[in-house]
Amino acid sequence: MVTASAAVRATRSRKAKTAALAELFGAAGPAEIGTVVAWLSGELVQGRIGTGWRTVAALRTSPSSDASLTVGAVDDIFSQLTALNGKGSANRRRELLTALFTAATEEEQSFLVRLLTGELRQGALTAIVIEALAQSTGIPVDVVRRAHMLSGRLPVTAVAALAGGEEALSAFRLEVGRPVAPMLAAPGGSLDEALAELGPDISVEHKLDGARIQVHRDGDQVWVFTRTLRDITTGVPELVELVKTLDCATVVLDGETLALTDAGRPRPFQETMSRFATIGDPRQLHPYFFDCLHLDGTDLIDEPLRVRRTALEQVAGDHSIPALIAPTPEAAADCYDDALAVGNEGVMVKALDAPYAAGRRGKSWQKIKPAHTLDLLVIGAEWGYGRRTGFLSNLHLAALDPETDEPVMVGKTFKGLTDELLRWQTEEFPRHETHRDGQAVYLRSELVVEVALDGVQTSTRYPGGVALRFARVVRYRPDKEPADADTIEAVRALGVAPG
């Protein structure tokens, strides 16, 4: 397991990643495969087990020279940790972890630390795991992919594949109350490009900056799931009550929910997300549905969007996101302008003949939104891992405080860095170094980099009170002096206005 994990992290090749995982899956038995797949995704089968960074960092154990641990044995220890509570549980947790880490080799200790602290970044994306499962079992990849969509969880899919083969995977059906892996949109270029690529047979709707939800109803029973398929039903009673009023017996709806201001404009994205965990919060959530996957006993996921859209409007009515069907380019452009004017992110352009499919395969759904760019100061960089090992990679980005002429950190990113830029940074950054530690090199604020981003959100993590969303490097700006960098006010201006 650890060897395969290291192999996946060390390569950029999709083919090599798939081969390494397929070999691992082939060696795992039905009792182990669910745990193996969960760990590769950086998750524990048990969920949270009460063991975080502080607990792990406090351990003082020397690694074992012999590799003796098995996946099953480690998973059993995690189950024991989950069951601990009450008096003496802290000591027992420390004893179990100490015994585990004492039995682990140095490489296994590193793997366990990253797994337990949420830092296990494999580069083993869902699509690659699906391809590896297909390769190791000989089951057609389309069958594995569809079973994953309908089961909602890769470990469940993997167990079924090893235990029952293609027949077991083909038996998966949409089940009301069990979340479906969501279909995702691909980033589009311009609106004109999306219209040219998808043709006239499309729908155009507002792209909301909300939280993805999937709602299931069977009679009086309602479930609400997040994009990651987490059950949040108990935290959103207003959504549950609304869904109960819909004129249907069974339904599965896909959509987004937002917290709105008194003026009806979207609140910042993180306010909607924080609302999920706060029962009784006065910021009511408002659902906006854009797809219908099941209605009154009929599964619709294999139907084209035009059919699903008809069902959506029938059951959700005013709670459906309005869509322009086969609009003219002029009407689509007006819709895009209207979306931005009311505080939404942009528009979604969708092919009317496309079925519902999990993941980012193809471009039948495209999100079109304006690109924001900022000129920011590089004030540090972290050493990379995987293919970036030995290179200065993750950039610490700062805006300029015009009152003090000092940098104010607003985020980090390694997105957009080519191999050439990684080499250049590693050679150039020490020339601007002030100090370093085991994780990063810290720099004088002398380098300006152009960064594209999707927006800004309020944050207590950084001193400027804001954080960049999905920042990615465009290019360095040697033509600009540090004083030319964008100010903290300019960064804050990209956030969602409160009114």
# chains A, B, ... in the order shown; residues from 1 in each chain; ligands from 1
call {"tool": "residues_around", "arguments": {"residues": "Asp302 of chain A", "least_positions_apart": "6", "cutoff": "9 Å", "atoms": "only C-alpha atoms", "output": "ChimeraX atom specification"}}
result
/A:293,354-357
call {"tool": "write_last_selection", "arguments": {"atoms": "C-alpha atoms", "output": "tab-separated table (two decimals), in the first residue's frame"}}
result
chain	number	residue	atom	x	y	z
A	293	LEU	CA	-32.68	12.55	-11.66
A	354	ALA	CA	-26.60	15.01	-22.78
A	355	PRO	CA	-27.49	12.39	-20.13
A	356	TYR	CA	-26.48	12.86	-16.49
A	357	ALA	CA	-22.95	11.56	-15.88
call {"tool": "select_by_dssp", "arguments": {"residues": "segment 37-234 of chain A", "states": "strand (DSSP E)", "output": "list in words"}}
result
Ala186, Pro187, Ile202, Ser203, Val204, Glu205, His206, Lys207, Ala211, Arg212, Ile213, Gln214, Val215, His216, Arg217, Asp218, Gln221, Val222, Trp223, Val224, Phe225 and Thr226 of chain A
call {"tool": "atom_distance", "arguments": {"atom1": "atom CA of Val448 of chain A", "atom2": "atom CA of Ser190 of chain A"}}
result
27.1 Å
call {"tool": "closest_residue", "arguments": {"among": "A:Thr426, A:Thr35, A:Thr3, A:Gln366", "to": "Leu191 of chain A", "atoms": "only C-alpha atoms"}}
result
A:Gln366
call {"tool": "closest_residue", "arguments": {"among": "A:Arg472, A:Arg461, A:Arg387, A:Arg173", "to": "Ala10 of chain A", "atoms": "only C-alpha atoms"}}
result
A:Arg387
call {"tool": "atom_distance", "arguments": {"atom1": "atom CA of Gly210 of chain A", "atom2": "atom CA of Val129 of chain A"}}
result
28.5 Å
call {"tool": "closest_atom_pairs", "arguments": {"of": "segment 93-196 of chain A", "to": "segment 55-65 of chain A", "cutoff": "7 Å", "atoms": "only C-alpha atoms", "output": "tab-separated table"}}
result
residue	atom	partner	partner_atom	distance
A:Thr98	CA	A:Leu59	CA	6.6
A:Phe101	CA	A:Thr61	CA	6.5
A:Thr102	CA	A:Thr61	CA	5.6
A:Ala103	CA	A:Ser64	CA	5.5
A:Ala104	CA	A:Ser64	CA	5.4
A:Thr105	CA	A:Ser64	CA	4.6
A:Glu106	CA	A:Pro63	CA	5.1
A:Val113	CA	A:Val56	CA	6.8
call {"tool": "write_last_selection", "arguments": {"atoms": "N, CA and C atoms", "output": "short mmCIF file (atom, residue, chain, number, x, y, z; two decimals), in the first residue's frame"}}
result
data_model
loop_
_atom_site.label_atom_id
_atom_site.label_comp_id
_atom_site.auth_asym_id
_atom_site.auth_seq_id
_atom_site.Cartn_x
_atom_site.Cartn_y
_atom_site.Cartn_z
N THR A 98 0.83 4.84 19.75
CA THR A 98 2.25 4.58 19.98
C THR A 98 2.62 3.17 19.51
N PHE A 101 2.63 3.24 15.58
CA PHE A 101 3.78 3.92 14.97
C PHE A 101 5.09 3.20 15.30
N THR A 102 5.16 2.52 16.43
CA THR A 102 6.36 1.75 16.77
C THR A 102 6.53 0.57 15.81
N ALA A 103 5.40 0.00 15.37
CA ALA A 103 5.45 -1.14 14.45
C ALA A 103 5.64 -0.72 13.00
N ALA A 104 5.53 0.59 12.71
CA ALA A 104 5.60 1.08 11.34
C ALA A 104 7.03 1.42 10.94
N THR A 105 7.36 1.15 9.69
CA THR A 105 8.65 1.59 9.16
C THR A 105 8.61 3.11 8.96
N GLU A 106 9.76 3.67 8.60
CA GLU A 106 9.82 5.12 8.41
C GLU A 106 8.85 5.56 7.30
N VAL A 113 1.01 9.48 9.08
CA VAL A 113 0.89 10.88 9.51
C VAL A 113 0.05 11.66 8.52
#
call {"tool": "closest_residue", "arguments": {"among": "A:Arg178, A:His372, A:Arg436, A:Lys244", "to": "Ser151 of chain A", "atoms": "only C-alpha atoms"}}
result
A:Arg178
call {"tool": "select_by_dssp", "arguments": {"residues": "segment 219-420 of chain A", "states": "helix (DSSP H, G or I)", "output": "PyMOL selection string"}}
result
chain A and resi 233-235+237-244+269-275+305-319+329-341+386-388+419-420
call {"tool": "atom_distance", "arguments": {"atom1": "atom CA of Ala333 of chain A", "atom2": "atom CA of Asp318 of chain A"}}
result
23.1 Å
call {"tool": "closest_residue", "arguments": {"among": "A:Ala67, A:Val456, A:Gly464, A:Leu395", "to": "Tyr442 of chain A", "atoms": "only C-alpha atoms"}}
result
A:Leu395
call {"tool": "closest_residue", "arguments": {"among": "A:Leu468, A:Ala147, A:Ala16, A:Val45", "to": "Phe78 of chain A", "atoms": "only C-alpha atoms"}}
result
A:Val45
call {"tool": "residues_around", "arguments": {"residues": "Asp76 of chain A", "least_positions_apart": "5", "cutoff": "12 Å", "atoms": "only C-alpha atoms", "output": "list in words"}}
result
Glu32, Thr35, Leu44, Val45, Gln46, Ile49, Leu69, Thr70, Val71, Leu81, Thr82, Ala83, Leu96, Leu97 and Leu100 of chain A
call {"tool": "write_last_selection", "arguments": {"atoms": "N, CA and C atoms", "output": "mmCIF file, in the first residue's frame"}}
result
data_model
loop_
_atom_site.group_PDB
_atom_site.id
_atom_site.type_symbol
_atom_site.label_atom_id
_atom_site.label_comp_id
_atom_site.auth_asym_id
_atom_site.auth_seq_id
_atom_site.Cartn_x
_atom_site.Cartn_y
_atom_site.Cartn_z
ATOM 1 N N GLU A 32 -10.161 -6.133 1.934
ATOM 2 C CA GLU A 32 -9.213 -5.022 2.059
ATOM 3 C C GLU A 32 -9.475 -3.894 1.068
ATOM 4 N N THR A 35 -10.995 -0.453 2.085
ATOM 5 C CA THR A 35 -10.093 0.355 2.903
ATOM 6 C C THR A 35 -8.974 0.949 2.058
ATOM 7 N N LEU A 44 -10.670 7.882 5.836
ATOM 8 C CA LEU A 44 -10.733 6.685 6.662
ATOM 9 C C LEU A 44 -12.119 6.065 6.528
ATOM 10 N N VAL A 45 -12.182 4.764 6.534
ATOM 11 C CA VAL A 45 -13.472 4.078 6.457
ATOM 12 C C VAL A 45 -14.364 4.499 7.618
ATOM 13 N N GLN A 46 -13.753 4.739 8.770
ATOM 14 C CA GLN A 46 -14.496 5.072 9.984
ATOM 15 C C GLN A 46 -14.898 6.545 10.046
ATOM 16 N N ILE A 49 -11.863 9.927 13.625
ATOM 17 C CA ILE A 49 -11.560 8.990 14.712
ATOM 18 C C ILE A 49 -10.971 9.709 15.923
ATOM 19 N N LEU A 69 3.192 -4.487 9.285
ATOM 20 C CA LEU A 69 1.791 -4.052 9.370
ATOM 21 C C LEU A 69 1.018 -4.452 8.114
ATOM 22 N N THR A 70 -0.254 -4.763 8.307
ATOM 23 C CA THR A 70 -1.151 -5.040 7.189
ATOM 24 C C THR A 70 -2.268 -4.002 7.173
ATOM 25 N N VAL A 71 -2.918 -3.885 6.029
ATOM 26 C CA VAL A 71 -4.039 -2.951 5.905
ATOM 27 C C VAL A 71 -5.122 -3.304 6.917
ATOM 28 N N LEU A 81 -9.881 3.055 17.846
ATOM 29 C CA LEU A 81 -9.778 4.469 18.197
ATOM 30 C C LEU A 81 -11.138 5.160 18.099
ATOM 31 N N THR A 82 -11.920 4.775 17.109
ATOM 32 C CA THR A 82 -13.245 5.374 16.936
ATOM 33 C C THR A 82 -14.148 5.079 18.126
ATOM 34 N N ALA A 83 -13.999 3.903 18.710
ATOM 35 C CA ALA A 83 -14.883 3.474 19.796
ATOM 36 C C ALA A 83 -14.508 4.067 21.150
ATOM 37 N N LEU A 96 -2.566 3.138 21.797
ATOM 38 C CA LEU A 96 -2.816 2.488 20.514
ATOM 39 C C LEU A 96 -1.978 3.111 19.402
ATOM 40 N N LEU A 97 -1.914 4.438 19.389
ATOM 41 C CA LEU A 97 -1.144 5.118 18.347
ATOM 42 C C LEU A 97 0.353 4.862 18.506
ATOM 43 N N LEU A 100 1.063 1.480 17.199
ATOM 44 C CA LEU A 100 0.965 1.482 15.737
ATOM 45 C C LEU A 100 2.217 2.081 15.109
#
